[in-house]
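Trainee: One structure, pasted below without further comment.
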Amino acid sequence: MENDKLQNFLVKQGSNPQKSVKQFIIGLVLFLAGVALVYMGIGLPSFVQVLGLTIICIAFIFAIRGYIGIVSNRIAFYRHQAKVNKERFKNIK
């Protein structure tokens, strides 16, 4: 797997799953705060809703970065396990 560019990319993206989960949770909390601002902005001036939409966009970026890290970690693990199992059970057809 030394020359496997996809595996190297996945390992790089998913190298810190705790950080990825933290980013995802921050994105989720910011998203909920943005939705709350949009909902509360119905009776308030429109800049509150614009602020809420801006926070939702920022939250989306945080959540996507975290989710990509989480998924990359899992895919890299399964790809590694598949290679290990292939070597381990190479005599079985």
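The way I read the labels, and the way they are meant: chains A, B, ... in the order of the structure tokens, residue 1 as the first residue of every chain, and ligand 1 as the first ligand shown, with later ones counted on from there.
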Enumerate the residues of chain A with a DSSP assignment of helix (DSSP H, G or I), computed from the backbone, and present them as a ChimeraX atom specification.

Mentor: /A:5-13,17-40,46-88

Trainee: Using only C-alpha atoms, which residues sit within 8 Å of Leu30 of chain A once same-chain residues fewer than 5 positions away are excluded, as a PyMOL selection string?

Mentor: chain A and resi 55-56+58-59

Trainee: Can you write out the residues you just picked, keeping N, CA, C and O atoms, as a CSV table (one decimal), in the first residue's frame?

Mentor:
chain,number,residue,atom,x,y,z
A,55,ILE,N,-24.6,32.2,9.6
A,55,ILE,CA,-24.2,31.2,10.6
A,55,ILE,C,-24.4,29.8,10.1
A,55,ILE,O,-23.6,28.9,10.2
A,56,ILE,N,-25.5,29.6,9.4
A,56,ILE,CA,-25.9,28.3,8.8
A,56,ILE,C,-24.8,27.9,7.8
A,56,ILE,O,-24.4,26.7,7.7
A,58,ILE,N,-21.6,28.9,7.6
A,58,ILE,CA,-20.4,28.6,8.3
A,58,ILE,C,-20.5,27.2,9.0
A,58,ILE,O,-19.6,26.4,9.0
A,59,ALA,N,-21.7,27.0,9.6
A,59,ALA,CA,-21.9,25.7,10.2
A,59,ALA,C,-21.8,24.5,9.2
A,59,ALA,O,-21.3,23.5,9.5

Trainee: Write out as a list of chain:residue names the residues lying within 7 Å of Ser20 of chain A, counting only C-alpha atoms and excluding same-chain residues fewer than 2 positions away.

Mentor: A:Asn16, A:Pro17, A:Gln18, A:Lys22, A:Gln23, A:Phe24, A:Gly66, A:Tyr67, A:Gly69, A:Ile70

Trainee: Can you spit out the residues from that selection as a CSV table (one decimal), in the first residue's frame, using C-alpha atoms?

Mentor:
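Contents of the output file result_7.csv:
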chain,number,residue,atom,x,y,z
A,16,ASN,CA,-7.5,12.7,13.9
A,17,PRO,CA,-11.1,11.4,14.4
A,18,GLN,CA,-11.5,13.2,17.7
A,22,LYS,CA,-15.5,17.9,17.5
A,23,GLN,CA,-15.8,19.9,14.2
A,24,PHE,CA,-18.9,18.0,13.2
A,66,GLY,CA,-15.8,17.0,10.2
A,67,TYR,CA,-17.9,14.5,8.4
A,69,GLY,CA,-12.7,13.4,8.4
A,70,ILE,CA,-15.0,10.8,10.1

Trainee: Excluding Gly14 of chain A and its own-chain neighbours fewer than 3 positions away, which residues fall within 9 Å of it when counting only C-alpha atoms? Please give them as a ChimeraX atom specification.

Mentor: /A:9-11,17,20,68-76

Trainee: Using Å and a single decimal, report how far atom CA of Leu32 of chain A sits from atom CA of Leu53 of chain A.

Mentor: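 Calculated distance between atom CA of Leu53 of chain A and atom CA of Leu32 of chain A is 10.9 Å.
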